[in-house]
Amino acid sequence: MKLSRSTLSVALLAALVAPAAHAEVALDVIGGSEVAFEGLVQADFYDFNVDAIDYGADTATDMDGQESLQELRRAELVLKGKGPGNIEWVLGYDAKDDKFLDANVKYKFGNNANHFVQVGQFKQPGATMEELSSTKNNDFISKSSITNSLGTARRVGVQYNVGDANWGVTGSYFGRELTRNREHGSGYALRGYFAPINEQGNVLHFGASYLDKDTDADTLRLRARPMADMVGARFVDTGNLRNADRASVMGAEGLWINGPFKLQAEYMNIDVPRYGGFDDFSGDGYYVSGLWNVTGETWGYKSGTPTTGLPDDPAKGMWQLGLRYDTIDLTDGGIVGGEMDSITTGVNWYWRSNFKFMLDYVKVSQEKGALEDNPDVIEARMQFYW
């Protein structure tokens, strides 16, 4: 979708009128519900040192030989409501990608944020911890390969969560994505987590998840971008896995926060049973990342995910240095989907309450049978949120 000038103008105007010290704009109380407005605008830039493939060209539309790409990444507009009573609701839309985001109603039992039932479209328990965390606080510009390739994010369904401040168990049943012609396939997902240490600036977390879903027309395709979210070309690609009725994904996650340091790791494995004489398929991947808040801030912890606070000194901002190793393997038997390893180094600057600037360098190594492709990518992001 080409974002219209008028739509972008509305998003930027809403951003400019947002109070600089608040994360959301309070609108009104309607029917006993306190309604607020949030938004997120991101613009990305990629510069490639290409190998065999020119990832700078958007292969969905053209292959013009360019070695850089710049585009609006997100333009998210979100309405949220609290009340009446223990009811909360949200309605989100990404004007850039022309799709609905979270669109659901939640009822909290006893006003406990960790004990609720939720109906509508929401991020599934079978997504990674990275995906369940807030997008505006991503540690790196591109999410991990398992998040983008193996995880199942937003779907329409029903979810029940029970837990407390340091543990939780979630189960959901879901169907298709709300936006037309997006992801299909009904299924169910489970996630459990436990934080034996949960103190301010000192958190140790472990979690596991399982998801089982129907495929669309008994066909599944798995592929991975070279750690650059907006490119069209993929070197690592299984092609269409036909005669695949269902797919199941298991995940494991770990998180350690110690003052200004955060260490995070996740693993996912996907199994795809196939009928009609076709061999079953299995693929997996993981990442390990470390972040250091140079300016001394720490992280919070909520609902089994880390949370990022505001800078201690808004004028100087919060500076972060990050390092991540990421790998995914989509080759199994006769299916040569390929393997990808990458190392990402990055620096983030959160300035005041609403601005964030990111700069990453990514070294990618890809193999597919006898073929190789090893691009380097410099990525930058400018972000405004309210």
# chains A, B, ... in the order shown; residues from 1 in each chain; ligands from 1

call {"tool": "closest_atom_pairs", "arguments": {"of": "stretch 64-93 of chain A", "to": "stretch 24-39 of chain A", "cutoff": "8 Å", "atoms": "only C-alpha atoms", "output": "JSON lines"}}
result
{"residue": "A:Ala75", "atom": "CA", "partner": "A:Gly39", "partner_atom": "CA", "distance": 7.4}
{"residue": "A:Glu76", "atom": "CA", "partner": "A:Gly39", "partner_atom": "CA", "distance": 5.3}
{"residue": "A:Leu77", "atom": "CA", "partner": "A:Gly39", "partner_atom": "CA", "distance": 4.6}
{"residue": "A:Val78", "atom": "CA", "partner": "A:Glu38", "partner_atom": "CA", "distance": 5.0}
{"residue": "A:Leu79", "atom": "CA", "partner": "A:Phe37", "partner_atom": "CA", "distance": 4.8}
{"residue": "A:Lys80", "atom": "CA", "partner": "A:Ala36", "partner_atom": "CA", "distance": 5.2}
{"residue": "A:Gly81", "atom": "CA", "partner": "A:Val35", "partner_atom": "CA", "distance": 4.4}
{"residue": "A:Lys82", "atom": "CA", "partner": "A:Glu34", "partner_atom": "CA", "distance": 5.1}
{"residue": "A:Gly83", "atom": "CA", "partner": "A:Ser33", "partner_atom": "CA", "distance": 4.3}
{"residue": "A:Pro84", "atom": "CA", "partner": "A:Gly32", "partner_atom": "CA", "distance": 4.8}

call {"tool": "select_by_dssp", "arguments": {"residues": "stretch 87-155 of chain A", "states": "strand (DSSP E)", "output": "mmCIF file with N, CA and C atoms, in the first residue's frame"}}
result
data_model
loop_
_atom_site.group_PDB
_atom_site.id
_atom_site.type_symbol
_atom_site.label_atom_id
_atom_site.label_comp_id
_atom_site.auth_asym_id
_atom_site.auth_seq_id
_atom_site.Cartn_x
_atom_site.Cartn_y
_atom_site.Cartn_z
ATOM 1 N N ILE A 87 -13.570 -3.576 32.623
ATOM 2 C CA ILE A 87 -13.463 -3.783 31.176
ATOM 3 C C ILE A 87 -12.414 -2.838 30.586
ATOM 4 N N GLU A 88 -11.596 -3.370 29.692
ATOM 5 C CA GLU A 88 -10.676 -2.566 28.895
ATOM 6 C C GLU A 88 -10.847 -2.952 27.428
ATOM 7 N N TRP A 89 -10.634 -2.004 26.530
ATOM 8 C CA TRP A 89 -10.765 -2.301 25.107
ATOM 9 C C TRP A 89 -9.715 -1.515 24.317
ATOM 10 N N VAL A 90 -9.457 -2.004 23.116
ATOM 11 C CA VAL A 90 -8.474 -1.347 22.253
ATOM 12 C C VAL A 90 -8.871 -1.551 20.799
ATOM 13 N N LEU A 91 -8.633 -0.546 19.980
ATOM 14 C CA LEU A 91 -8.872 -0.630 18.543
ATOM 15 C C LEU A 91 -7.717 0.053 17.843
ATOM 16 N N GLY A 92 -6.871 -0.756 17.164
ATOM 17 C CA GLY A 92 -5.681 -0.221 16.522
ATOM 18 C C GLY A 92 -5.657 -0.488 15.031
ATOM 19 N N TYR A 93 -5.046 0.430 14.287
ATOM 20 C CA TYR A 93 -4.972 0.314 12.827
ATOM 21 C C TYR A 93 -3.633 0.864 12.354
ATOM 22 N N ASP A 94 -2.974 0.135 11.462
ATOM 23 C CA ASP A 94 -1.716 0.567 10.858
ATOM 24 C C ASP A 94 -2.026 1.126 9.468
ATOM 25 N N LYS A 99 -3.827 -2.439 7.779
ATOM 26 C CA LYS A 99 -4.315 -3.602 8.514
ATOM 27 C C LYS A 99 -4.687 -3.223 9.938
ATOM 28 N N PHE A 100 -5.595 -4.008 10.509
ATOM 29 C CA PHE A 100 -5.951 -3.824 11.907
ATOM 30 C C PHE A 100 -4.852 -4.395 12.807
ATOM 31 N N LEU A 101 -4.657 -3.739 13.924
ATOM 32 C CA LEU A 101 -3.727 -4.211 14.943
ATOM 33 C C LEU A 101 -4.551 -4.886 16.042
ATOM 34 N N ASP A 102 -4.238 -4.638 17.310
ATOM 35 C CA ASP A 102 -5.081 -5.161 18.378
ATOM 36 C C ASP A 102 -6.465 -4.540 18.278
ATOM 37 N N ALA A 103 -7.475 -5.379 18.338
ATOM 38 C CA ALA A 103 -8.871 -4.932 18.295
ATOM 39 C C ALA A 103 -9.661 -5.899 19.167
ATOM 40 N N ASN A 104 -9.745 -5.587 20.459
ATOM 41 C CA ASN A 104 -10.307 -6.566 21.375
ATOM 42 C C ASN A 104 -10.900 -5.909 22.614
ATOM 43 N N VAL A 105 -11.616 -6.735 23.370
ATOM 44 C CA VAL A 105 -12.188 -6.345 24.653
ATOM 45 C C VAL A 105 -11.659 -7.311 25.708
ATOM 46 N N LYS A 106 -11.260 -6.763 26.856
ATOM 47 C CA LYS A 106 -10.698 -7.559 27.948
ATOM 48 C C LYS A 106 -11.508 -7.320 29.226
ATOM 49 N N TYR A 107 -11.761 -8.404 29.942
ATOM 50 C CA TYR A 107 -12.391 -8.287 31.261
ATOM 51 C C TYR A 107 -11.428 -8.827 32.304
ATOM 52 N N LYS A 108 -11.054 -7.978 33.271
ATOM 53 C CA LYS A 108 -10.127 -8.370 34.320
ATOM 54 C C LYS A 108 -10.907 -8.819 35.557
ATOM 55 N N PHE A 116 -7.518 -12.489 33.422
ATOM 56 C CA PHE A 116 -8.488 -11.863 32.532
ATOM 57 C C PHE A 116 -8.922 -12.832 31.436
ATOM 58 N N VAL A 117 -10.016 -12.443 30.772
ATOM 59 C CA VAL A 117 -10.449 -13.099 29.548
ATOM 60 C C VAL A 117 -10.515 -12.026 28.470
ATOM 61 N N GLN A 118 -10.115 -12.386 27.250
ATOM 62 C CA GLN A 118 -9.980 -11.417 26.164
ATOM 63 C C GLN A 118 -10.599 -11.987 24.901
ATOM 64 N N VAL A 119 -11.359 -11.145 24.174
ATOM 65 C CA VAL A 119 -12.024 -11.562 22.945
ATOM 66 C C VAL A 119 -11.744 -10.538 21.859
ATOM 67 N N GLY A 120 -11.393 -11.012 20.664
ATOM 68 C CA GLY A 120 -11.108 -10.120 19.549
ATOM 69 C C GLY A 120 -9.787 -10.490 18.906
ATOM 70 N N GLN A 121 -9.099 -9.521 18.320
ATOM 71 C CA GLN A 121 -7.783 -9.770 17.734
ATOM 72 C C GLN A 121 -6.700 -9.290 18.703
ATOM 73 N N PHE A 122 -5.732 -10.175 18.954
ATOM 74 C CA PHE A 122 -4.644 -9.869 19.877
ATOM 75 C C PHE A 122 -3.438 -10.721 19.505
ATOM 76 N N LYS A 123 -2.280 -10.375 20.073
ATOM 77 C CA LYS A 123 -1.074 -11.161 19.844
ATOM 78 C C LYS A 123 -1.206 -12.497 20.560
ATOM 79 N N ARG A 154 -0.795 -11.690 15.593
ATOM 80 C CA ARG A 154 -2.189 -11.336 15.857
ATOM 81 C C ARG A 154 -3.164 -12.225 15.085
ATOM 82 N N ARG A 155 -4.159 -12.734 15.781
ATOM 83 C CA ARG A 155 -5.294 -13.452 15.189
ATOM 84 C C ARG A 155 -6.549 -13.139 16.002
#

call {"tool": "closest_residue", "arguments": {"among": "A:Lys143, A:Arg73, A:His115, A:Lys356", "to": "A:Ser303", "atoms": "only C-alpha atoms"}}
result
A:His115

call {"tool": "residues_around", "arguments": {"residues": "A:Val294", "least_positions_apart": "2", "cutoff": "9 Å", "atoms": "only C-alpha atoms", "output": "number ranges by chain"}}
result
A: 260-261, 292, 296-297, 318-321

call {"tool": "write_last_selection", "arguments": {"atoms": "C-alpha atoms", "output": "CSV table (one decimal), in the first residue's frame"}}
result
chain,number,residue,atom,x,y,z
A,260,PRO,CA,21.4,-1.5,33.3
A,261,PHE,CA,22.1,-4.9,31.6
A,292,TRP,CA,23.4,-2.1,28.0
A,296,GLY,CA,22.2,3.7,33.8
A,297,GLU,CA,18.5,3.1,33.5
A,318,MET,CA,18.7,7.2,27.4
A,319,TRP,CA,21.5,5.6,25.4
A,320,GLN,CA,21.6,1.9,24.7
A,321,LEU,CA,24.2,-0.4,23.1

call {"tool": "select_by_dssp", "arguments": {"residues": "stretch 78-289 of chain A", "states": "helix (DSSP H, G or I)", "output": "number ranges by chain"}}
result
A: 109-111, 129-132, 135-137, 145-149

call {"tool": "write_last_selection", "arguments": {"atoms": "N, CA, C and O atoms", "output": "PDB file, in the first residue's frame"}}
result
ATOM      1  N   PHE A 109     -10.574 -10.006  36.051  1.00  0.00           N
ATOM      2  CA  PHE A 109     -11.233 -10.536  37.232  1.00  0.00           C
ATOM      3  C   PHE A 109     -10.629  -9.900  38.485  1.00  0.00           C
ATOM      4  O   PHE A 109      -9.405  -9.946  38.691  1.00  0.00           O
ATOM      5  N   GLY A 110     -11.470  -9.298  39.304  1.00  0.00           N
ATOM      6  CA  GLY A 110     -10.990  -8.687  40.537  1.00  0.00           C
ATOM      7  C   GLY A 110      -9.997  -7.572  40.301  1.00  0.00           C
ATOM      8  O   GLY A 110      -9.156  -7.302  41.153  1.00  0.00           O
ATOM      9  N   ASN A 111     -10.065  -6.945  39.137  1.00  0.00           N
ATOM     10  CA  ASN A 111      -9.144  -5.856  38.778  1.00  0.00           C
ATOM     11  C   ASN A 111      -7.681  -6.302  38.798  1.00  0.00           C
ATOM     12  O   ASN A 111      -6.769  -5.510  39.019  1.00  0.00           O
ATOM     13  N   MET A 129       8.413 -13.885  22.970  1.00  0.00           N
ATOM     14  CA  MET A 129       8.418 -12.832  23.983  1.00  0.00           C
ATOM     15  C   MET A 129       8.766 -11.494  23.346  1.00  0.00           C
ATOM     16  O   MET A 129       8.224 -10.450  23.725  1.00  0.00           O
ATOM     17  N   GLU A 130       9.646 -11.519  22.362  1.00  0.00           N
ATOM     18  CA  GLU A 130      10.013 -10.307  21.641  1.00  0.00           C
ATOM     19  C   GLU A 130       8.799  -9.689  20.961  1.00  0.00           C
ATOM     20  O   GLU A 130       8.594  -8.473  21.002  1.00  0.00           O
ATOM     21  N   GLU A 131       7.956 -10.516  20.332  1.00  0.00           N
ATOM     22  CA  GLU A 131       6.759 -10.029  19.657  1.00  0.00           C
ATOM     23  C   GLU A 131       5.727  -9.523  20.653  1.00  0.00           C
ATOM     24  O   GLU A 131       5.032  -8.526  20.397  1.00  0.00           O
ATOM     25  N   LEU A 132       5.609 -10.183  21.797  1.00  0.00           N
ATOM     26  CA  LEU A 132       4.635  -9.775  22.801  1.00  0.00           C
ATOM     27  C   LEU A 132       5.018  -8.463  23.469  1.00  0.00           C
ATOM     28  O   LEU A 132       4.168  -7.783  24.043  1.00  0.00           O
ATOM     29  N   THR A 135       6.175  -2.843  20.419  1.00  0.00           N
ATOM     30  CA  THR A 135       6.938  -2.608  19.198  1.00  0.00           C
ATOM     31  C   THR A 135       7.793  -1.347  19.288  1.00  0.00           C
ATOM     32  O   THR A 135       8.912  -1.298  18.753  1.00  0.00           O
ATOM     33  N   LYS A 136       7.301  -0.337  19.970  1.00  0.00           N
ATOM     34  CA  LYS A 136       8.055   0.926  20.021  1.00  0.00           C
ATOM     35  C   LYS A 136       9.354   0.789  20.809  1.00  0.00           C
ATOM     36  O   LYS A 136      10.242   1.644  20.702  1.00  0.00           O
ATOM     37  N   ASN A 137       9.472  -0.302  21.579  1.00  0.00           N
ATOM     38  CA  ASN A 137      10.676  -0.507  22.374  1.00  0.00           C
ATOM     39  C   ASN A 137      11.519  -1.685  21.892  1.00  0.00           C
ATOM     40  O   ASN A 137      12.270  -2.277  22.668  1.00  0.00           O
ATOM     41  N   SER A 145      14.680 -13.564  13.451  1.00  0.00           N
ATOM     42  CA  SER A 145      14.175 -14.389  12.345  1.00  0.00           C
ATOM     43  C   SER A 145      13.074 -15.338  12.809  1.00  0.00           C
ATOM     44  O   SER A 145      12.141 -15.624  12.053  1.00  0.00           O
ATOM     45  N   ILE A 146      13.130 -15.843  14.042  1.00  0.00           N
ATOM     46  CA  ILE A 146      12.066 -16.744  14.494  1.00  0.00           C
ATOM     47  C   ILE A 146      10.774 -15.969  14.729  1.00  0.00           C
ATOM     48  O   ILE A 146       9.677 -16.478  14.481  1.00  0.00           O
ATOM     49  N   THR A 147      10.878 -14.723  15.195  1.00  0.00           N
ATOM     50  CA  THR A 147       9.678 -13.902  15.366  1.00  0.00           C
ATOM     51  C   THR A 147       9.002 -13.663  14.036  1.00  0.00           C
ATOM     52  O   THR A 147       7.779 -13.798  13.907  1.00  0.00           O
ATOM     53  N   ASN A 148       9.775 -13.312  13.025  1.00  0.00           N
ATOM     54  CA  ASN A 148       9.205 -12.967  11.722  1.00  0.00           C
ATOM     55  C   ASN A 148       8.826 -14.176  10.879  1.00  0.00           C
ATOM     56  O   ASN A 148       7.965 -14.065   9.995  1.00  0.00           O
ATOM     57  N   SER A 149       9.441 -15.345  11.124  1.00  0.00           N
ATOM     58  CA  SER A 149       9.243 -16.488  10.228  1.00  0.00           C
ATOM     59  C   SER A 149       8.471 -17.642  10.853  1.00  0.00           C
ATOM     60  O   SER A 149       7.737 -18.340  10.148  1.00  0.00           O
TER      61      SER A 149
END

call {"tool": "closest_residue", "arguments": {"among": "A:Gly277, A:Gly251, A:Gly151, A:Gly322", "to": "A:Met358", "atoms": "only C-alpha atoms"}}
result
A:Gly322

call {"tool": "closest_residue", "arguments": {"among": "A:Asp271, A:Asp280, A:Asp341, A:Asp44", "to": "A:Gln383", "atoms": "only C-alpha atoms"}}
result
A:Asp44

call {"tool": "residues_around", "arguments": {"residues": "stretch 308-310 of chain A", "least_positions_apart": "4", "cutoff": "9 Å", "atoms": "only C-alpha atoms", "output": "mmCIF file with N, CA, C and O atoms, in the first residue's frame"}}
result
data_model
loop_
_atom_site.group_PDB
_atom_site.id
_atom_site.type_symbol
_atom_site.label_atom_id
_atom_site.label_comp_id
_atom_site.auth_asym_id
_atom_site.auth_seq_id
_atom_site.Cartn_x
_atom_site.Cartn_y
_atom_site.Cartn_z
ATOM 1 N N SER A 134 6.321 -4.461 23.557
ATOM 2 C CA SER A 134 5.865 -3.312 22.789
ATOM 3 C C SER A 134 6.775 -3.042 21.590
ATOM 4 O O SER A 134 8.000 -2.996 21.722
ATOM 5 N N ASN A 137 9.472 -0.302 21.579
ATOM 6 C CA ASN A 137 10.676 -0.507 22.374
ATOM 7 C C ASN A 137 11.519 -1.685 21.892
ATOM 8 O O ASN A 137 12.270 -2.277 22.668
ATOM 9 N N GLU A 297 19.826 3.518 33.224
ATOM 10 C CA GLU A 297 18.456 3.084 33.490
ATOM 11 C C GLU A 297 18.349 1.562 33.471
ATOM 12 O O GLU A 297 19.173 0.862 32.880
ATOM 13 N N THR A 298 17.303 1.045 34.094
ATOM 14 C CA THR A 298 17.039 -0.387 34.057
ATOM 15 C C THR A 298 15.716 -0.633 33.348
ATOM 16 O O THR A 298 15.115 0.295 32.776
ATOM 17 N N TRP A 299 15.233 -1.862 33.370
ATOM 18 C CA TRP A 299 13.972 -2.239 32.737
ATOM 19 C C TRP A 299 12.951 -2.626 33.794
ATOM 20 O O TRP A 299 13.300 -3.034 34.907
ATOM 21 N N GLY A 300 11.681 -2.576 33.397
ATOM 22 C CA GLY A 300 10.616 -3.111 34.221
ATOM 23 C C GLY A 300 10.236 -4.504 33.738
ATOM 24 O O GLY A 300 10.848 -5.060 32.820
ATOM 25 N N TYR A 301 9.199 -5.068 34.350
ATOM 26 C CA TYR A 301 8.758 -6.421 33.999
ATOM 27 C C TYR A 301 7.257 -6.491 34.209
ATOM 28 O O TYR A 301 6.750 -6.164 35.283
ATOM 29 N N PRO A 314 15.561 13.477 30.762
ATOM 30 C CA PRO A 314 14.921 13.589 29.445
ATOM 31 C C PRO A 314 15.716 14.413 28.448
ATOM 32 O O PRO A 314 15.699 14.119 27.250
ATOM 33 N N GLY A 317 18.540 12.140 27.409
ATOM 34 C CA GLY A 317 17.982 10.924 26.844
ATOM 35 C C GLY A 317 18.618 9.668 27.412
ATOM 36 O O GLY A 317 19.540 9.725 28.244
ATOM 37 N N MET A 318 18.124 8.527 26.961
ATOM 38 C CA MET A 318 18.650 7.222 27.369
ATOM 39 C C MET A 318 19.387 6.586 26.190
ATOM 40 O O MET A 318 18.830 6.433 25.105
ATOM 41 N N TYR A 350 16.817 7.055 23.156
ATOM 42 C CA TYR A 350 15.486 7.526 23.535
ATOM 43 C C TYR A 350 15.634 8.961 24.028
ATOM 44 O O TYR A 350 16.306 9.222 25.027
ATOM 45 N N TRP A 351 15.002 9.900 23.341
ATOM 46 C CA TRP A 351 15.122 11.307 23.703
ATOM 47 C C TRP A 351 13.789 11.822 24.225
ATOM 48 O O TRP A 351 12.758 11.688 23.571
ATOM 49 N N ARG A 352 13.829 12.386 25.406
ATOM 50 C CA ARG A 352 12.635 12.880 26.087
ATOM 51 C C ARG A 352 11.599 11.763 26.190
ATOM 52 O O ARG A 352 11.948 10.626 26.470
ATOM 53 N N SER A 353 10.317 12.077 25.981
ATOM 54 C CA SER A 353 9.272 11.084 26.231
ATOM 55 C C SER A 353 8.745 10.416 24.973
ATOM 56 O O SER A 353 8.035 9.428 25.069
#

call {"tool": "residues_around", "arguments": {"residues": "A:Ala247", "least_positions_apart": "2", "cutoff": "7 Å", "atoms": "only C-alpha atoms", "output": "PyMOL selection string"}}
result
chain A and resi 212-215+249+270-273

call {"tool": "write_last_selection", "arguments": {"atoms": "N, CA, C and O atoms", "output": "PDB file, in the first residue's frame"}}
result
ATOM      1  N   ASP A 212      -0.469 -24.889  17.897  1.00  0.00           N
ATOM      2  CA  ASP A 212      -0.847 -25.846  16.850  1.00  0.00           C
ATOM      3  C   ASP A 212      -1.916 -25.183  15.980  1.00  0.00           C
ATOM      4  O   ASP A 212      -2.911 -24.664  16.507  1.00  0.00           O
ATOM      5  N   LYS A 213      -1.704 -25.170  14.667  1.00  0.00           N
ATOM      6  CA  LYS A 213      -2.644 -24.470  13.791  1.00  0.00           C
ATOM      7  C   LYS A 213      -2.841 -25.199  12.471  1.00  0.00           C
ATOM      8  O   LYS A 213      -1.972 -25.947  12.001  1.00  0.00           O
ATOM      9  N   ASP A 214      -3.999 -24.967  11.881  1.00  0.00           N
ATOM     10  CA  ASP A 214      -4.326 -25.464  10.553  1.00  0.00           C
ATOM     11  C   ASP A 214      -3.627 -24.581   9.512  1.00  0.00           C
ATOM     12  O   ASP A 214      -3.459 -23.376   9.722  1.00  0.00           O
ATOM     13  N   THR A 215      -3.205 -25.167   8.421  1.00  0.00           N
ATOM     14  CA  THR A 215      -2.585 -24.388   7.349  1.00  0.00           C
ATOM     15  C   THR A 215      -3.645 -23.915   6.364  1.00  0.00           C
ATOM     16  O   THR A 215      -4.772 -24.408   6.343  1.00  0.00           O
ATOM     17  N   VAL A 249       4.342 -25.431  16.706  1.00  0.00           N
ATOM     18  CA  VAL A 249       5.531 -24.658  17.047  1.00  0.00           C
ATOM     19  C   VAL A 249       5.730 -24.693  18.554  1.00  0.00           C
ATOM     20  O   VAL A 249       4.801 -24.412  19.322  1.00  0.00           O
ATOM     21  N   ILE A 270       9.601 -25.679  14.619  1.00  0.00           N
ATOM     22  CA  ILE A 270       8.343 -25.912  13.928  1.00  0.00           C
ATOM     23  C   ILE A 270       8.353 -27.298  13.306  1.00  0.00           C
ATOM     24  O   ILE A 270       9.349 -27.721  12.701  1.00  0.00           O
ATOM     25  N   ASP A 271       7.246 -28.037  13.488  1.00  0.00           N
ATOM     26  CA  ASP A 271       7.065 -29.353  12.883  1.00  0.00           C
ATOM     27  C   ASP A 271       5.854 -29.316  11.970  1.00  0.00           C
ATOM     28  O   ASP A 271       4.776 -28.831  12.368  1.00  0.00           O
ATOM     29  N   VAL A 272       6.036 -29.825  10.746  1.00  0.00           N
ATOM     30  CA  VAL A 272       4.973 -29.802   9.748  1.00  0.00           C
ATOM     31  C   VAL A 272       4.742 -31.225   9.241  1.00  0.00           C
ATOM     32  O   VAL A 272       5.463 -31.709   8.353  1.00  0.00           O
ATOM     33  N   PRO A 273       3.759 -31.959   9.790  1.00  0.00           N
ATOM     34  CA  PRO A 273       3.432 -33.290   9.264  1.00  0.00           C
ATOM     35  C   PRO A 273       2.829 -33.159   7.868  1.00  0.00           C
ATOM     36  O   PRO A 273       2.041 -32.248   7.596  1.00  0.00           O
TER      37      PRO A 273
END

call {"tool": "closest_residue", "arguments": {"among": "A:Arg176, A:His205, A:Arg182, A:Arg234", "to": "A:Lys368", "atoms": "only C-alpha atoms"}}
result
A:Arg234

call {"tool": "atom_distance", "arguments": {"atom1": "atom CA of A:Ser142", "atom2": "atom CA of A:Asn49"}}
result
17.1 Å
